[in-house]
Amino acid sequence: MRIGIIGYGSMGRMITEKIAASVVLNAGDIFVANRSKEKLQNVPEGVIACENIIDAAKNSDIIFLCVRPVDLKSVLSEIAPSLSAKSFVVSLNGSITFDMLSKVFSGKIAKVIPSVTAEVDRSQTLVCYNDSVEEKDKQDLEGLLRTFGNVIELPENEIGMGSELVSCMPGFIASIFDVLCTSAKKHTSIPDDQVVKMVLQTMCATGDLMLSKDMSFEDVVTRVATKGGITEEGTKVVYEGFPNTTDLLFEKTLEKRKLTAEKAKETFEEE
Ligand SMILES: NC(=O)c1ccc[n+]([C@@H]2O[C@H](COP(=O)([O-])OP(=O)(O)OC[C@H]3O[C@@H](n4cnc5c(N)ncnc54)[C@H](OP(=O)(O)O)[C@@H]3O)[C@@H](O)[C@H]2O)c1
């Protein structure tokens, strides 16, 4: 199997580096192309840096389009004449629908949404497929995606909320714990960086505990917040005050997601 990676920015570079470092593919079977050539100076050893996007696409079985939505239509239009019925196009963008993409390329298409946690091989990567994709194509693609974490298949209409839960979530988690640590620091002389490390290690361990022991959030709260105790004072505050914030968070992000999709559609439909 050969793969083409078009767009060597944040996502294209991450995918290239992870797959090149894995045993699933030889680095020499990875063809990358980017608009500005400077970015290709540091591709992993053995990976082929192509002169143009057609070279990256024409001999590849799976072609990853790792460009921003504004560039997606022109990139797909440029490579489409070099693709065949066997070509499998993978778009990294959640806002451009299969309907829009298939107006330019009518073959096999997937959408893939990785998370920044791919950097530590723990992405919960979302994937959805159009009707032309066969079981073997899915296995091939998911084998590549598993080099940087788990793969979760969702229907296209759930990719938006799914992205909130895995792709946006590292940002939500980081901002929530940033606020928590800022409050904690007001009440202690423990150095700031130590406060952050203590909370982060406890956060990761709590997640591991829940996953390994199959515990719910309620199980953890009940286990730690004994009736009439100190922790219960804190968990009560969270359950009383925090739902307003989280409801607002999803209202705002989903609204923004809708606007982004409308804008992406306009960009994609422009002549
Ligand atoms: N970043 C994330 O966490 C994340 C997560 C999930 C999904 N995504 C999606 O992944 C896609 C890529 O995002 P990104 O963060 O990787 O963007 P990025 O860092 O801006 O990278 C995009 C790359 O595409 C290149 N490019 C643009 N037009 C091109 C063309 N005609 N031919 C060849 N290369 C071209 C750009 O080249 P130049 O160097 O010339 O600008 C740039 O290197 C987006 O659709 C985004 O929505 C991103």
# chains A, B, ... in the order shown; residues from 1 in each chain; ligands from 1
$ residues_near_ligand --ligand "ligand 1" --cutoff "7 Å" --atoms "only C-alpha atoms and all ligand atoms" --output "list of chain:residue names"
A:Ile6, A:Gly7, A:Tyr8, A:Gly9, A:Ser10, A:Met11, A:Gly12, A:Ala33, A:Asn34, A:Arg35, A:Ser36, A:Lys39, A:Ile53, A:Cys66, A:Val67, A:Arg68, A:Pro69, A:Asp71, A:Ser74, A:Val75, A:Leu92, A:Asn93, A:Gly94, A:Ile113, A:Pro114, A:Ser115, A:Val116, A:Ser167
$ select_by_dssp --residues "segment 22-268 of chain A" --states "helix (DSSP H, G or I)" --output "PyMOL selection string"
chain A and resi 27-29+37-42+53-58+69-82+98-102+116-120+135-148+156-166+169-185+192-212+217-224+230-268
$ residues_around --residues "Thr245 of chain A" --least-positions-apart "6" --cutoff "12 Å" --atoms "only C-alpha atoms" --output "PyMOL selection string"
chain A and resi 172+176+238-239+251-252
$ closest_residue --among "A:Lys185, A:Lys236, A:Lys111, A:Lys258" --to "Met161 of chain A" --atoms "only C-alpha atoms"
A:Lys258
$ atom_distance --atom1 "atom CA of Leu145 of chain A" --atom2 "atom CA of Val47 of chain A"
17.5 Å
$ atom_distance --atom1 "atom CA of Leu65 of chain A" --atom2 "atom CA of Val90 of chain A"
6.0 Å
$ closest_residue --among "A:Glu142, A:Glu135, A:Ile3, A:Phe177" --to "Met198 of chain A" --atoms "only C-alpha atoms"
A:Phe177
$ residues_around --residues "Glu153 of chain A" --least-positions-apart "4" --cutoff "8 Å" --atoms "only C-alpha atoms" --output "ChimeraX atom specification"
/A:126-128
$ write_last_selection --atoms "C-alpha atoms" --output "mmCIF file, in the first residue's frame"
data_model
loop_
_atom_site.group_PDB
_atom_site.id
_atom_site.type_symbol
_atom_site.label_atom_id
_atom_site.label_comp_id
_atom_site.auth_asym_id
_atom_site.auth_seq_id
_atom_site.Cartn_x
_atom_site.Cartn_y
_atom_site.Cartn_z
ATOM 1 C CA LEU A 126 -13.078 9.696 14.556
ATOM 2 C CA VAL A 127 -13.775 8.254 11.159
ATOM 3 C CA CYS A 128 -16.801 8.113 8.855
#
$ decode --residues "segment 15-160 of chain A" --atoms "C-alpha atoms" --output "PDB file, in the first residue's frame"
ATOM      1  CA  ILE A  15       0.242  11.669  10.470  1.00  0.00           C
ATOM      2  CA  THR A  16       3.404  11.312   8.361  1.00  0.00           C
ATOM      3  CA  GLU A  17       5.690  11.059  11.391  1.00  0.00           C
ATOM      4  CA  LYS A  18       3.479   8.533  13.193  1.00  0.00           C
ATOM      5  CA  ILE A  19       2.988   6.248  10.192  1.00  0.00           C
ATOM      6  CA  ALA A  20       6.649   6.513   9.117  1.00  0.00           C
ATOM      7  CA  ALA A  21       7.756   5.500  12.627  1.00  0.00           C
ATOM      8  CA  SER A  22       5.386   2.512  12.693  1.00  0.00           C
ATOM      9  CA  VAL A  23       5.752  -0.978  11.264  1.00  0.00           C
ATOM     10  CA  VAL A  24       2.558  -0.807   9.196  1.00  0.00           C
ATOM     11  CA  LEU A  25       4.185   0.875   6.195  1.00  0.00           C
ATOM     12  CA  ASN A  26       7.675   1.494   4.809  1.00  0.00           C
ATOM     13  CA  ALA A  27       8.636   5.161   4.897  1.00  0.00           C
ATOM     14  CA  GLY A  28       9.353   4.867   1.142  1.00  0.00           C
ATOM     15  CA  ASP A  29       5.655   4.219   0.521  1.00  0.00           C
ATOM     16  CA  ILE A  30       4.686   7.611   1.939  1.00  0.00           C
ATOM     17  CA  PHE A  31       4.513  10.509  -0.547  1.00  0.00           C
ATOM     18  CA  VAL A  32       4.075  14.015   0.837  1.00  0.00           C
ATOM     19  CA  ALA A  33       3.458  17.357  -0.840  1.00  0.00           C
ATOM     20  CA  ASN A  34       3.002  20.855   0.492  1.00  0.00           C
ATOM     21  CA  ARG A  35       2.386  24.275  -1.036  1.00  0.00           C
ATOM     22  CA  SER A  36       5.453  25.901   0.525  1.00  0.00           C
ATOM     23  CA  LYS A  37       8.452  23.682  -0.118  1.00  0.00           C
ATOM     24  CA  GLU A  38      10.406  24.710   3.024  1.00  0.00           C
ATOM     25  CA  LYS A  39       8.163  22.578   5.230  1.00  0.00           C
ATOM     26  CA  LEU A  40       9.252  19.445   3.349  1.00  0.00           C
ATOM     27  CA  GLN A  41      12.912  19.870   4.263  1.00  0.00           C
ATOM     28  CA  ASN A  42      12.470  17.891   7.468  1.00  0.00           C
ATOM     29  CA  VAL A  43      10.310  14.945   6.397  1.00  0.00           C
ATOM     30  CA  PRO A  44      11.180  11.693   8.215  1.00  0.00           C
ATOM     31  CA  GLU A  45      13.982   9.625   6.694  1.00  0.00           C
ATOM     32  CA  GLY A  46      12.841   7.617   3.668  1.00  0.00           C
ATOM     33  CA  VAL A  47       9.572   9.534   3.135  1.00  0.00           C
ATOM     34  CA  ILE A  48       9.285  10.877  -0.436  1.00  0.00           C
ATOM     35  CA  ALA A  49       8.868  14.660  -0.683  1.00  0.00           C
ATOM     36  CA  CYS A  50       7.020  15.279  -3.974  1.00  0.00           C
ATOM     37  CA  GLU A  51       7.352  18.234  -6.324  1.00  0.00           C
ATOM     38  CA  ASN A  52       3.599  18.692  -6.546  1.00  0.00           C
ATOM     39  CA  ILE A  53       0.304  17.340  -5.230  1.00  0.00           C
ATOM     40  CA  ILE A  54      -0.414  15.278  -8.354  1.00  0.00           C
ATOM     41  CA  ASP A  55       2.806  13.298  -7.814  1.00  0.00           C
ATOM     42  CA  ALA A  56       1.739  12.619  -4.234  1.00  0.00           C
ATOM     43  CA  ALA A  57      -1.740  11.518  -5.307  1.00  0.00           C
ATOM     44  CA  LYS A  58      -1.349   9.611  -8.556  1.00  0.00           C
ATOM     45  CA  ASN A  59       0.497   6.517  -7.264  1.00  0.00           C
ATOM     46  CA  SER A  60      -1.143   6.387  -3.857  1.00  0.00           C
ATOM     47  CA  ASP A  61      -3.916   4.055  -2.730  1.00  0.00           C
ATOM     48  CA  ILE A  62      -4.982   6.311   0.139  1.00  0.00           C
ATOM     49  CA  ILE A  63      -4.672  10.092  -0.192  1.00  0.00           C
ATOM     50  CA  PHE A  64      -4.924  12.209   2.950  1.00  0.00           C
ATOM     51  CA  LEU A  65      -6.057  15.799   2.346  1.00  0.00           C
ATOM     52  CA  CYS A  66      -4.561  17.663   5.306  1.00  0.00           C
ATOM     53  CA  VAL A  67      -5.387  21.183   4.132  1.00  0.00           C
ATOM     54  CA  ARG A  68      -7.678  23.845   5.536  1.00  0.00           C
ATOM     55  CA  PRO A  69     -11.291  23.921   4.280  1.00  0.00           C
ATOM     56  CA  VAL A  70     -10.590  27.001   2.163  1.00  0.00           C
ATOM     57  CA  ASP A  71      -7.976  25.004   0.166  1.00  0.00           C
ATOM     58  CA  LEU A  72      -9.818  21.694   0.004  1.00  0.00           C
ATOM     59  CA  LYS A  73     -11.832  22.206  -3.165  1.00  0.00           C
ATOM     60  CA  SER A  74      -8.897  23.449  -5.243  1.00  0.00           C
ATOM     61  CA  VAL A  75      -6.640  20.623  -4.015  1.00  0.00           C
ATOM     62  CA  LEU A  76      -9.249  17.935  -4.712  1.00  0.00           C
ATOM     63  CA  SER A  77     -10.087  19.441  -8.125  1.00  0.00           C
ATOM     64  CA  GLU A  78      -6.408  19.474  -9.079  1.00  0.00           C
ATOM     65  CA  ILE A  79      -5.757  15.835  -8.155  1.00  0.00           C
ATOM     66  CA  ALA A  80      -9.148  14.395  -9.243  1.00  0.00           C
ATOM     67  CA  PRO A  81      -8.084  13.715 -12.883  1.00  0.00           C
ATOM     68  CA  SER A  82      -5.140  11.616 -11.562  1.00  0.00           C
ATOM     69  CA  LEU A  83      -7.366   9.477  -9.319  1.00  0.00           C
ATOM     70  CA  SER A  84      -9.009   6.183 -10.243  1.00  0.00           C
ATOM     71  CA  ALA A  85     -11.937   4.154  -8.930  1.00  0.00           C
ATOM     72  CA  LYS A  86      -9.470   2.422  -6.595  1.00  0.00           C
ATOM     73  CA  SER A  87      -8.269   5.707  -5.057  1.00  0.00           C
ATOM     74  CA  PHE A  88      -9.419   6.303  -1.502  1.00  0.00           C
ATOM     75  CA  VAL A  89      -9.541   9.987  -0.497  1.00  0.00           C
ATOM     76  CA  VAL A  90      -9.412  10.924   3.180  1.00  0.00           C
ATOM     77  CA  SER A  91     -10.428  14.428   4.211  1.00  0.00           C
ATOM     78  CA  LEU A  92      -9.260  15.708   7.583  1.00  0.00           C
ATOM     79  CA  ASN A  93     -11.986  18.325   7.701  1.00  0.00           C
ATOM     80  CA  GLY A  94     -15.223  17.806   9.607  1.00  0.00           C
ATOM     81  CA  SER A  95     -17.176  20.705   8.057  1.00  0.00           C
ATOM     82  CA  ILE A  96     -17.015  19.719   4.387  1.00  0.00           C
ATOM     83  CA  THR A  97     -19.666  17.058   3.752  1.00  0.00           C
ATOM     84  CA  PHE A  98     -19.474  13.956   1.554  1.00  0.00           C
ATOM     85  CA  ASP A  99     -22.102  15.609  -0.659  1.00  0.00           C
ATOM     86  CA  MET A 100     -19.785  18.549  -1.313  1.00  0.00           C
ATOM     87  CA  LEU A 101     -16.683  16.393  -1.812  1.00  0.00           C
ATOM     88  CA  SER A 102     -18.424  13.972  -4.167  1.00  0.00           C
ATOM     89  CA  LYS A 103     -19.265  16.807  -6.549  1.00  0.00           C
ATOM     90  CA  VAL A 104     -15.523  16.913  -7.271  1.00  0.00           C
ATOM     91  CA  PHE A 105     -14.549  13.255  -6.714  1.00  0.00           C
ATOM     92  CA  SER A 106     -17.258  10.609  -6.891  1.00  0.00           C
ATOM     93  CA  GLY A 107     -15.255   7.650  -5.499  1.00  0.00           C
ATOM     94  CA  LYS A 108     -14.308   6.344  -2.077  1.00  0.00           C
ATOM     95  CA  ILE A 109     -14.100   9.053   0.603  1.00  0.00           C
ATOM     96  CA  ALA A 110     -13.575   9.046   4.382  1.00  0.00           C
ATOM     97  CA  LYS A 111     -13.474  11.837   6.908  1.00  0.00           C
ATOM     98  CA  VAL A 112     -10.974  11.516   9.723  1.00  0.00           C
ATOM     99  CA  ILE A 113     -10.732  13.690  12.844  1.00  0.00           C
ATOM    100  CA  PRO A 114      -7.641  13.067  14.980  1.00  0.00           C
ATOM    101  CA  SER A 115      -6.978  14.639  18.354  1.00  0.00           C
ATOM    102  CA  VAL A 116      -3.844  16.397  19.604  1.00  0.00           C
ATOM    103  CA  THR A 117      -3.419  13.415  21.981  1.00  0.00           C
ATOM    104  CA  ALA A 118      -2.149  11.543  18.904  1.00  0.00           C
ATOM    105  CA  GLU A 119       1.202  13.108  19.854  1.00  0.00           C
ATOM    106  CA  VAL A 120       1.347  10.556  22.698  1.00  0.00           C
ATOM    107  CA  ASP A 121      -0.321   7.798  20.628  1.00  0.00           C
ATOM    108  CA  ARG A 122      -3.614   8.236  22.484  1.00  0.00           C
ATOM    109  CA  SER A 123      -5.832   9.909  19.899  1.00  0.00           C
ATOM    110  CA  GLN A 124      -9.500   8.926  19.870  1.00  0.00           C
ATOM    111  CA  THR A 125      -9.621   9.345  16.096  1.00  0.00           C
ATOM    112  CA  LEU A 126     -13.078   9.696  14.556  1.00  0.00           C
ATOM    113  CA  VAL A 127     -13.775   8.254  11.159  1.00  0.00           C
ATOM    114  CA  CYS A 128     -16.801   8.113   8.855  1.00  0.00           C
ATOM    115  CA  TYR A 129     -17.151   6.684   5.368  1.00  0.00           C
ATOM    116  CA  ASN A 130     -19.229   7.328   2.286  1.00  0.00           C
ATOM    117  CA  ASP A 131     -21.151   4.461   0.711  1.00  0.00           C
ATOM    118  CA  SER A 132     -18.429   3.626  -1.834  1.00  0.00           C
ATOM    119  CA  VAL A 133     -15.893   2.587   0.810  1.00  0.00           C
ATOM    120  CA  GLU A 134     -15.457  -1.179   1.168  1.00  0.00           C
ATOM    121  CA  GLU A 135     -14.567  -3.218   4.255  1.00  0.00           C
ATOM    122  CA  LYS A 136     -10.982  -3.777   3.049  1.00  0.00           C
ATOM    123  CA  ASP A 137     -10.484   0.001   2.602  1.00  0.00           C
ATOM    124  CA  LYS A 138     -11.730   0.567   6.149  1.00  0.00           C
ATOM    125  CA  GLN A 139      -9.297  -2.013   7.516  1.00  0.00           C
ATOM    126  CA  ASP A 140      -6.381  -0.465   5.612  1.00  0.00           C
ATOM    127  CA  LEU A 141      -7.183   3.061   6.792  1.00  0.00           C
ATOM    128  CA  GLU A 142      -7.880   2.084  10.387  1.00  0.00           C
ATOM    129  CA  GLY A 143      -4.593   0.138  10.502  1.00  0.00           C
ATOM    130  CA  LEU A 144      -2.817   3.410   9.688  1.00  0.00           C
ATOM    131  CA  LEU A 145      -4.870   5.464  12.153  1.00  0.00           C
ATOM    132  CA  ARG A 146      -4.222   3.015  14.984  1.00  0.00           C
ATOM    133  CA  THR A 147      -0.525   3.925  14.833  1.00  0.00           C
ATOM    134  CA  PHE A 148      -1.497   6.959  16.942  1.00  0.00           C
ATOM    135  CA  GLY A 149      -4.409   5.752  19.054  1.00  0.00           C
ATOM    136  CA  ASN A 150      -7.922   4.285  18.954  1.00  0.00           C
ATOM    137  CA  VAL A 151     -10.352   4.610  16.068  1.00  0.00           C
ATOM    138  CA  ILE A 152     -14.061   5.321  16.506  1.00  0.00           C
ATOM    139  CA  GLU A 153     -16.430   5.054  13.531  1.00  0.00           C
ATOM    140  CA  LEU A 154     -19.418   7.424  13.629  1.00  0.00           C
ATOM    141  CA  PRO A 155     -22.142   8.318  11.153  1.00  0.00           C
ATOM    142  CA  GLU A 156     -21.475  11.589   9.307  1.00  0.00           C
ATOM    143  CA  ASN A 157     -24.180  13.481  11.225  1.00  0.00           C
ATOM    144  CA  GLU A 158     -22.423  12.728  14.558  1.00  0.00           C
ATOM    145  CA  ILE A 159     -18.960  13.898  13.506  1.00  0.00           C
ATOM    146  CA  GLY A 160     -19.669  17.432  14.812  1.00  0.00           C
TER     147      GLY A 160
END
